[in-house]
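*Asks:* This is the content of query08.cif (mmCIF, C-alpha atoms):
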```
data_work
loop_
_atom_site.group_PDB
_atom_site.id
_atom_site.type_symbol
_atom_site.label_atom_id
_atom_site.label_comp_id
_atom_site.auth_asym_id
_atom_site.auth_seq_id
_atom_site.Cartn_x
_atom_site.Cartn_y
_atom_site.Cartn_z
ATOM 1 C CA MET A 10 50.898 92.137 88.715
ATOM 2 C CA LYS A 11 51.262 95.683 87.438
ATOM 3 C CA GLN A 12 49.932 98.383 89.766
ATOM 4 C CA LYS A 13 47.535 100.961 88.272
ATOM 5 C CA SER A 14 48.805 104.546 88.499
ATOM 6 C CA ALA A 15 46.581 107.380 89.728
ATOM 7 C CA PHE A 16 47.933 109.476 86.861
ATOM 8 C CA SER A 17 47.462 107.887 83.454
ATOM 9 C CA THR A 18 49.153 109.304 80.380
ATOM 10 C CA TYR A 19 45.819 110.819 79.302
ATOM 11 C CA ARG A 20 45.388 112.462 82.679
ATOM 12 C CA ILE A 21 48.920 113.872 82.764
ATOM 13 C CA VAL A 22 48.566 115.273 79.239
ATOM 14 C CA PHE A 23 45.152 116.817 79.920
ATOM 15 C CA ILE A 24 46.399 118.392 83.177
ATOM 16 C CA ALA A 25 49.475 119.782 81.417
ATOM 17 C CA VAL A 26 47.382 121.197 78.571
ATOM 18 C CA MET A 27 44.979 122.774 81.056
ATOM 19 C CA ALA A 28 47.895 124.283 83.001
ATOM 20 C CA ALA A 29 49.136 125.785 79.730
ATOM 21 C CA ILE A 30 45.654 127.143 78.999
ATOM 22 C CA VAL A 31 45.471 128.716 82.471
ATOM 23 C CA CYS A 32 48.873 130.332 81.920
ATOM 24 C CA VAL A 33 48.042 131.651 78.438
ATOM 25 C CA VAL A 34 44.571 132.910 79.364
ATOM 26 C CA THR A 35 46.146 135.024 82.107
ATOM 27 C CA PHE A 36 47.839 137.121 79.397
ATOM 28 C CA PHE A 37 44.462 138.361 78.200
ATOM 29 C CA ARG A 38 43.439 140.804 80.906
ATOM 30 C CA PHE A 39 42.312 144.346 81.322
ATOM 31 C CA PRO A 40 42.618 146.725 84.269
ATOM 32 C CA LEU A 41 39.534 147.402 86.350
ATOM 33 C CA LEU A 42 39.179 149.156 89.684
ATOM 34 C CA GLY A 43 42.756 148.696 90.888
ATOM 35 C CA SER A 44 43.152 145.136 89.695
ATOM 36 C CA LYS A 45 43.010 143.116 86.494
ATOM 37 C CA VAL A 46 40.103 141.085 85.138
ATOM 38 C CA HIS A 47 40.917 137.887 83.241
ATOM 39 C CA LEU A 48 39.568 134.403 82.573
ATOM 40 C CA ALA A 49 42.259 132.504 84.469
ATOM 41 C CA ASN A 50 39.920 131.955 87.432
ATOM 42 C CA ALA A 51 37.351 130.417 85.087
ATOM 43 C CA MET A 52 39.964 127.991 83.769
ATOM 44 C CA CYS A 53 41.047 127.157 87.333
ATOM 45 C CA LEU A 54 37.460 126.323 88.308
ATOM 46 C CA LEU A 55 37.025 124.312 85.102
ATOM 47 C CA SER A 56 40.210 122.394 85.958
ATOM 48 C CA GLY A 57 38.763 121.385 89.297
ATOM 49 C CA LEU A 58 35.446 120.346 87.768
ATOM 50 C CA LEU A 59 37.123 118.240 85.073
ATOM 51 C CA PHE A 60 40.127 116.734 86.862
ATOM 52 C CA GLY A 61 39.114 116.525 90.525
ATOM 53 C CA PRO A 62 40.841 118.015 93.553
ATOM 54 C CA VAL A 63 44.429 116.932 92.890
ATOM 55 C CA GLY A 64 44.578 117.059 89.096
ATOM 56 C CA GLY A 65 42.504 120.228 88.888
ATOM 57 C CA GLY A 66 44.510 121.821 91.653
ATOM 58 C CA LEU A 67 47.753 120.985 89.871
ATOM 59 C CA ALA A 68 46.543 122.399 86.541
ATOM 60 C CA ALA A 69 45.263 125.594 88.194
ATOM 61 C CA GLY A 70 48.256 126.068 90.485
ATOM 62 C CA LEU A 71 50.934 125.269 87.920
ATOM 63 C CA GLY A 72 49.394 127.426 85.192
ATOM 64 C CA SER A 73 48.892 130.444 87.421
ATOM 65 C CA GLY A 74 52.146 130.033 89.333
ATOM 66 C CA LEU A 75 54.159 129.692 86.127
ATOM 67 C CA TYR A 76 52.547 132.812 84.716
ATOM 68 C CA ASP A 77 53.441 134.821 87.832
ATOM 69 C CA VAL A 78 57.065 133.676 87.895
ATOM 70 C CA LEU A 79 57.804 133.643 84.161
ATOM 71 C CA PHE A 80 55.688 136.510 82.857
ATOM 72 C CA GLY A 81 54.095 138.363 85.775
ATOM 73 C CA GLY A 82 57.274 139.825 87.205
ATOM 74 C CA TYR A 83 56.844 138.171 90.581
ATOM 75 C CA ASP A 84 59.437 136.329 92.640
ATOM 76 C CA ILE A 85 59.329 132.641 93.475
ATOM 77 C CA ILE A 86 57.591 133.268 96.822
ATOM 78 C CA GLN A 87 54.728 135.099 95.079
ATOM 79 C CA GLY A 88 54.597 132.258 92.542
ATOM 80 C CA LEU A 89 54.301 129.701 95.335
ATOM 81 C CA ILE A 90 51.560 131.708 97.031
ATOM 82 C CA THR A 91 49.704 131.851 93.723
ATOM 83 C CA PHE A 92 50.226 128.102 93.223
ATOM 84 C CA VAL A 93 48.747 127.302 96.639
ATOM 85 C CA SER A 94 45.803 129.690 96.380
ATOM 86 C CA LYS A 95 44.826 128.608 92.837
ATOM 87 C CA PHE A 96 45.360 124.941 93.773
ATOM 88 C CA LEU A 97 42.990 125.389 96.705
ATOM 89 C CA MET A 98 40.450 127.226 94.548
ATOM 90 C CA ALA A 99 40.247 124.330 92.078
ATOM 91 C CA ALA A 100 40.450 121.653 94.785
ATOM 92 C CA ILE A 101 37.658 123.183 96.879
ATOM 93 C CA CYS A 102 35.504 123.469 93.772
ATOM 94 C CA ALA A 103 36.203 119.827 92.880
ATOM 95 C CA TRP A 104 35.584 118.495 96.405
ATOM 96 C CA ILE A 105 32.202 120.164 96.593
ATOM 97 C CA ALA A 106 31.148 119.288 93.036
ATOM 98 C CA GLY A 107 32.037 115.614 93.376
ATOM 99 C CA THR A 108 32.400 115.337 89.590
ATOM 100 C CA HIS A 109 35.662 113.434 90.066
ATOM 101 C CA LYS A 110 33.602 110.633 91.630
ATOM 102 C CA GLY A 111 31.530 110.231 88.481
ATOM 103 C CA LYS A 112 28.547 112.101 89.901
ATOM 104 C CA LEU A 113 26.907 115.021 88.129
ATOM 105 C CA ASN A 114 24.491 117.049 90.196
ATOM 106 C CA HIS A 115 23.942 120.381 88.435
ATOM 107 C CA LEU A 116 23.080 122.360 91.566
ATOM 108 C CA ARG A 117 26.084 120.946 93.386
ATOM 109 C CA VAL A 118 28.364 121.927 90.478
ATOM 110 C CA VAL A 119 27.013 125.486 90.541
ATOM 111 C CA VAL A 120 27.488 125.740 94.322
ATOM 112 C CA ALA A 121 31.000 124.326 93.942
ATOM 113 C CA ALA A 122 31.968 126.958 91.374
ATOM 114 C CA VAL A 123 30.602 129.745 93.587
ATOM 115 C CA VAL A 124 32.357 128.487 96.724
ATOM 116 C CA GLY A 125 35.606 127.830 94.828
ATOM 117 C CA ALA A 126 35.624 131.335 93.344
ATOM 118 C CA LEU A 127 34.775 132.989 96.659
ATOM 119 C CA SER A 128 37.448 130.966 98.456
ATOM 120 C CA TYR A 129 39.990 132.438 96.057
ATOM 121 C CA VAL A 130 38.703 135.966 96.719
ATOM 122 C CA LEU A 131 39.191 135.356 100.456
ATOM 123 C CA LEU A 132 42.689 133.947 99.917
ATOM 124 C CA TYR A 133 43.624 136.885 97.663
ATOM 125 C CA MET A 134 42.351 139.379 100.255
ATOM 126 C CA LEU A 135 44.303 137.544 102.971
ATOM 127 C CA LYS A 136 47.471 137.705 100.870
ATOM 128 C CA THR A 137 46.886 141.408 100.214
ATOM 129 C CA PHE A 138 46.412 142.040 103.930
ATOM 130 C CA VAL A 139 49.540 140.136 104.946
ATOM 131 C CA TYR A 140 51.719 141.805 102.318
ATOM 132 C CA GLN A 141 50.389 145.314 102.932
ATOM 133 C CA ARG A 142 50.507 145.115 106.707
ATOM 134 C CA PHE A 143 53.440 142.860 107.524
ATOM 135 C CA VAL A 144 55.730 142.767 104.498
ATOM 136 C CA TYR A 145 55.421 146.406 103.428
ATOM 137 C CA GLY A 146 54.567 147.704 106.912
ATOM 138 C CA TYR A 147 51.736 150.006 105.860
ATOM 139 C CA PRO A 148 49.385 151.329 108.537
ATOM 140 C CA MET A 149 46.013 149.611 108.989
ATOM 141 C CA GLU A 150 44.103 152.398 107.239
ATOM 142 C CA THR A 151 46.247 152.035 104.115
ATOM 143 C CA THR A 152 45.995 148.256 104.249
ATOM 144 C CA TRP A 153 42.190 148.355 104.438
ATOM 145 C CA ALA A 154 42.019 150.981 101.684
ATOM 146 C CA THR A 155 44.154 148.792 99.413
ATOM 147 C CA MET A 156 42.026 145.742 100.150
ATOM 148 C CA LEU A 157 38.818 147.673 99.493
ATOM 149 C CA SER A 158 40.212 148.963 96.195
ATOM 150 C CA LYS A 159 40.988 145.391 95.059
ATOM 151 C CA LEU A 160 37.741 143.817 96.244
ATOM 152 C CA PRO A 161 35.398 144.980 93.427
ATOM 153 C CA ALA A 162 37.643 143.635 90.653
ATOM 154 C CA SER A 163 38.147 140.410 92.621
ATOM 155 C CA VAL A 164 34.399 139.927 92.950
ATOM 156 C CA ILE A 165 33.934 140.688 89.236
ATOM 157 C CA ASN A 166 36.681 138.154 88.418
ATOM 158 C CA ALA A 167 34.900 135.622 90.623
ATOM 159 C CA ALA A 168 31.540 136.235 88.924
ATOM 160 C CA VAL A 169 33.032 135.994 85.440
ATOM 161 C CA GLY A 170 34.939 132.875 86.469
ATOM 162 C CA ILE A 171 31.807 131.214 87.806
ATOM 163 C CA VAL A 172 29.716 131.904 84.704
ATOM 164 C CA VAL A 173 32.397 130.998 82.146
ATOM 165 C CA SER A 174 33.526 127.827 83.961
ATOM 166 C CA LEU A 175 29.960 126.561 84.296
ATOM 167 C CA VAL A 176 29.108 127.259 80.655
ATOM 168 C CA LEU A 177 32.277 125.503 79.500
ATOM 169 C CA PHE A 178 31.878 122.566 81.888
ATOM 170 C CA PHE A 179 28.264 121.866 80.987
ATOM 171 C CA ALA A 180 29.122 122.208 77.286
ATOM 172 C CA MET A 181 32.283 120.074 77.403
ATOM 173 C CA SER A 182 31.439 117.253 79.803
ATOM 174 C CA PRO A 183 28.804 115.540 77.589
ATOM 175 C CA ALA A 184 31.183 115.644 74.605
ATOM 176 C CA LEU A 185 34.096 114.341 76.687
ATOM 177 C CA LYS A 186 31.880 111.588 78.099
ATOM 178 C CA LYS A 187 30.595 110.595 74.658
ATOM 179 C CA ALA A 188 34.173 110.452 73.331
ATOM 180 C CA GLY A 189 35.173 108.215 76.252
ATOM 181 C CA LEU A 190 37.690 110.727 77.546
ATOM 182 C CA LEU A 191 35.934 111.805 80.732
ATOM 183 C CA GLU A 192 36.585 108.542 82.560
ATOM 184 C CA LYS A 193 40.230 108.683 81.444
ATOM 185 C CA ILE A 194 40.832 112.107 82.982
ATOM 186 C CA GLU A 195 38.635 111.970 86.117
ATOM 187 C CA LYS A 196 39.909 110.906 89.505
#
```
Show the structure stored in the file as structure tokens.
*Replies:*
Amino acid sequence: MKQKSAFSTYRIVFIAVMAAIVCVVTFFRFPLLGSKVHLANAMCLLSGLLFGPVGGGLAAGLGSGLYDVLFGGYDIIQGLITFVSKFLMAAICAWIAGTHKGKLNHLRVVVAAVVGALSYVLLYMLKTFVYQRFVYGYPMETTWATMLSKLPASVINAAVGIVVSLVLFFAMSPALKKAGLLEKIEK
């Protein structure tokens, strides 16, 4: 008897396409308050909502990590940190939403997007703290000032990500379900 794989061809293709979308969307950004605002976080949250914790995490992490390493000018360590933090953002969103289990509770999806986005803000602030304080060796005052300068743009990114991901998810999921694709990509 042939064993069923957790990753069907449909699922692999959809995850790869979403990773590419995450990577490409990151190009379209503008500077704001010491950071950059973009729609990559929205696509990461959408990945989690559509593909569940593992698939969504892979799409979000791979897309963002590849952007950082190939186009963002960061080293492989920074790319791995980005992979992990974006993976966790999408996975946390997916775990809370429960959409990968075939359930669709609108309030739960909204809460999931908010918690997923805020978890990324916390992870980004933690990374900023560690790099400023321990890698670069800046004094605490400078570290806190840097973190405070990045926080407004991070919160704006989170808010934009929440709104855009929810609009796209609630617009796309009925069409994907009607086309019979939703059950092929969920896990």
*Asks:* Can you tell me, as a PyMOL selection string, what residues are no more than 10 Å from Arg142 in chain A when counting all atoms listed in the file, ignoring any on the same chain fewer than 5 positions away?
*Replies:* chain A and resi 136-137+147-153
*Asks:* In Å to one decimal, how far is CA of Leu55 in chain A from CA of Leu160 in chain A?
*Replies:*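 Between CA of Leu160 in chain A and CA of Leu55 in chain A the gap works out to 22.5 Å.
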*Asks:* Give me the residues near Asp77 in chain A as a short mmCIF file (atom, residue, chain, number, x, y, z; two decimals) with C-alpha atoms, in the coordinates of the input, where near means some atom within 7 Å (using all atoms listed in the file) and where sequence neighbours in that chain fewer than 5 positions away do not count.
*Replies:*
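Written file, around.cif:
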```
data_model
loop_
_atom_site.label_atom_id
_atom_site.label_comp_id
_atom_site.auth_asym_id
_atom_site.auth_seq_id
_atom_site.Cartn_x
_atom_site.Cartn_y
_atom_site.Cartn_z
CA GLY A 82 57.27 139.82 87.20
CA TYR A 83 56.84 138.17 90.58
CA GLY A 88 54.60 132.26 92.54
#
```
*Asks:* Using all atoms listed in the file, find each residue of range 43-134 of chain A with at least one atom at most 6 Å away from an atom of range 32-35 of chain A; report its shortest atom-to-atom pair and that distance in Å (one decimal), sort the rows by chain and rising residue number, and return the result as a tab-separated table.
*Replies:*
```
residue	atom	partner	partner_atom	distance
A:Ala49	CA	A:Thr35	CA	5.2
A:Gly72	CA	A:Cys32	CA	4.4
A:Ser73	CA	A:Cys32	CA	5.5
A:Tyr76	CA	A:Cys32	CA	5.2
```
*Asks:* Once the PyMOL selection byres ((chain A and resi 176) around 12) has been applied to the shown file, what residues remain in the selection, as a ChimeraX atom specification?
*Replies:* /A:51-52,54-55,58,115,118-119,122,169-175,177-182
*Asks:* Decode the PyMOL selection byres ((chain A and resi 111) around 12) for the given file into explicit residues and return them as an NGL selection string.
*Replies:* :A and (58-61 or 103 or 106-110 or 112-114 or 182 or 186 or 191-196)
*Asks:* Would you please work out which residue, of A:Ile165, A:Ile90, A:Gly64, A:Gly189, is nearest to Ser17 in chain A when using only C-alpha atoms?
*Replies:* A:Gly64
*Asks:* State, in Å with one decimal place, the distance from CA of Ala99 in chain A to CA of Thr155 in chain A.
*Replies:*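 For CA of Ala99 in chain A relative to CA of Thr155 in chain A, the distance reads 25.8 Å.
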*Asks:* May I ask for the distance between CA of Leu132 in chain A and CA of Phe96 in chain A, given in Å to one decimal place?
*Replies:*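 These atoms are spaced 11.2 Å apart.
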*Asks:* Put the listed atoms of range 27-33 of chain A in a box along x, y and z with 6 Å added on every side and give me the centre and edge lengths in Å to one decimal, as AutoDock Vina command-line options.
*Replies:*
```
--center_x 47.1 --center_y 127.2 --center_z 80.7 --size_x 16.2 --size_y 20.9 --size_z 16.6
```
*Asks:* Taking the file above as input, evaluate the PyMOL selection byres ((chain A and resi 130) around 12) and report the hits as a ChimeraX atom specification.
*Replies:* /A:50,94-95,97-98,123-129,131-137,156,159-168,170
*Asks:* Scan for residues within 7 Å of the point (49.5, 127.3, 83.8) in the coordinates of the file, using only C-alpha atoms, and reply as a list of chain:residue names.
*Replies:*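 Output of the proximity query reads A:Met27, A:Ala28, A:Ala29, A:Ile30, A:Val31, A:Cys32, A:Ala68, A:Ala69, A:Gly70, A:Leu71, A:Gly72, A:Ser73, A:Gly74, A:Leu75, A:Tyr76.
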*Asks:* Which residue gives the smallest distance to Ile101 in chain A among A:Asp84, A:Val144, A:Gly57, A:Val26, with all atoms listed in the file counted?
*Replies:*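 Between A:Asp84, A:Val144, A:Gly57, A:Val26, the residue approaching Ile101 in chain A most closely is A:Gly57.
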*Asks:* From the options A:Phe23, A:Phe138, A:Phe37, A:Tyr145, which residue's atoms come nearest to Leu185 in chain A, counting all atoms listed in the file?
*Replies:*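 For Leu185 in chain A, the nearest of the candidates is A:Phe23.
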*Asks:* Is it possible to add N, CA, C and O atoms to range 103-127 of chain A and hand it back as a tab-separated table (two decimals), in the frame of the given file?
*Replies:*
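As written to disk, rebuild_26.tsv reads:
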```
chain	number	residue	atom	x	y	z
A	103	ALA	N	36.32	121.25	93.23
A	103	ALA	CA	36.20	119.83	92.88
A	103	ALA	C	35.62	119.01	94.03
A	103	ALA	O	34.78	118.13	93.81
A	104	TRP	N	36.08	119.25	95.25
A	104	TRP	CA	35.58	118.50	96.40
A	104	TRP	C	34.08	118.67	96.57
A	104	TRP	O	33.36	117.72	96.84
A	105	ILE	N	33.63	119.90	96.42
A	105	ILE	CA	32.20	120.16	96.59
A	105	ILE	C	31.39	119.58	95.44
A	105	ILE	O	30.35	118.96	95.65
A	106	ALA	N	31.89	119.75	94.22
A	106	ALA	CA	31.15	119.29	93.04
A	106	ALA	C	31.02	117.77	93.00
A	106	ALA	O	30.00	117.24	92.59
A	107	GLY	N	32.07	117.07	93.40
A	107	GLY	CA	32.04	115.61	93.38
A	107	GLY	C	32.08	115.02	91.98
A	107	GLY	O	31.84	113.83	91.80
A	108	THR	N	32.37	115.84	90.96
A	108	THR	CA	32.40	115.34	89.59
A	108	THR	C	33.50	114.30	89.39
A	108	THR	O	33.38	113.44	88.53
A	109	HIS	N	34.56	114.39	90.18
A	109	HIS	CA	35.66	113.43	90.07
A	109	HIS	C	35.26	112.04	90.54
A	109	HIS	O	35.98	111.08	90.32
A	110	LYS	N	34.10	111.93	91.18
A	110	LYS	CA	33.60	110.63	91.63
A	110	LYS	C	32.58	110.06	90.66
A	110	LYS	O	31.91	109.08	90.95
A	111	GLY	N	32.45	110.71	89.50
A	111	GLY	CA	31.53	110.23	88.48
A	111	GLY	C	30.10	110.72	88.67
A	111	GLY	O	29.21	110.32	87.95
A	112	LYS	N	29.89	111.58	89.64
A	112	LYS	CA	28.55	112.10	89.90
A	112	LYS	C	28.39	113.44	89.18
A	112	LYS	O	29.33	114.19	89.05
A	113	LEU	N	27.16	113.72	88.74
A	113	LEU	CA	26.91	115.02	88.13
A	113	LEU	C	25.57	115.54	88.63
A	113	LEU	O	24.52	115.18	88.14
A	114	ASN	N	25.65	116.38	89.65
A	114	ASN	CA	24.49	117.05	90.20
A	114	ASN	C	24.65	118.53	89.83
A	114	ASN	O	25.56	119.19	90.32
A	115	HIS	N	23.78	119.02	88.96
A	115	HIS	CA	23.94	120.38	88.44
A	115	HIS	C	23.98	121.45	89.53
A	115	HIS	O	24.82	122.35	89.48
A	116	LEU	N	23.10	121.37	90.49
A	116	LEU	CA	23.08	122.36	91.57
A	116	LEU	C	24.38	122.31	92.37
A	116	LEU	O	24.95	123.34	92.71
A	117	ARG	N	24.84	121.11	92.63
A	117	ARG	CA	26.08	120.95	93.39
A	117	ARG	C	27.28	121.52	92.62
A	117	ARG	O	28.17	122.12	93.21
A	118	VAL	N	27.29	121.37	91.31
A	118	VAL	CA	28.36	121.93	90.48
A	118	VAL	C	28.33	123.45	90.53
A	118	VAL	O	29.38	124.10	90.65
A	119	VAL	N	27.15	124.02	90.47
A	119	VAL	CA	27.01	125.49	90.54
A	119	VAL	C	27.50	125.99	91.90
A	119	VAL	O	28.28	126.95	91.98
A	120	VAL	N	27.05	125.35	92.97
A	120	VAL	CA	27.49	125.74	94.32
A	120	VAL	C	29.00	125.60	94.45
A	120	VAL	O	29.68	126.47	95.02
A	121	ALA	N	29.55	124.55	93.89
A	121	ALA	CA	31.00	124.33	93.94
A	121	ALA	C	31.76	125.45	93.25
A	121	ALA	O	32.77	125.93	93.78
A	122	ALA	N	31.29	125.87	92.10
A	122	ALA	CA	31.97	126.96	91.37
A	122	ALA	C	31.90	128.25	92.18
A	122	ALA	O	32.89	128.99	92.28
A	123	VAL	N	30.75	128.53	92.78
A	123	VAL	CA	30.60	129.74	93.59
A	123	VAL	C	31.53	129.70	94.80
A	123	VAL	O	32.27	130.65	95.07
A	124	VAL	N	31.51	128.60	95.52
A	124	VAL	CA	32.36	128.49	96.72
A	124	VAL	C	33.84	128.50	96.35
A	124	VAL	O	34.66	129.15	97.02
A	125	GLY	N	34.21	127.81	95.28
A	125	GLY	CA	35.61	127.83	94.83
A	125	GLY	C	36.07	129.23	94.48
A	125	GLY	O	37.15	129.66	94.89
A	126	ALA	N	35.26	129.97	93.74
A	126	ALA	CA	35.62	131.34	93.34
A	126	ALA	C	35.71	132.25	94.56
A	126	ALA	O	36.65	133.05	94.68
A	127	LEU	N	34.76	132.14	95.47
A	127	LEU	CA	34.78	132.99	96.66
A	127	LEU	C	35.92	132.62	97.60
A	127	LEU	O	36.48	133.50	98.28
```
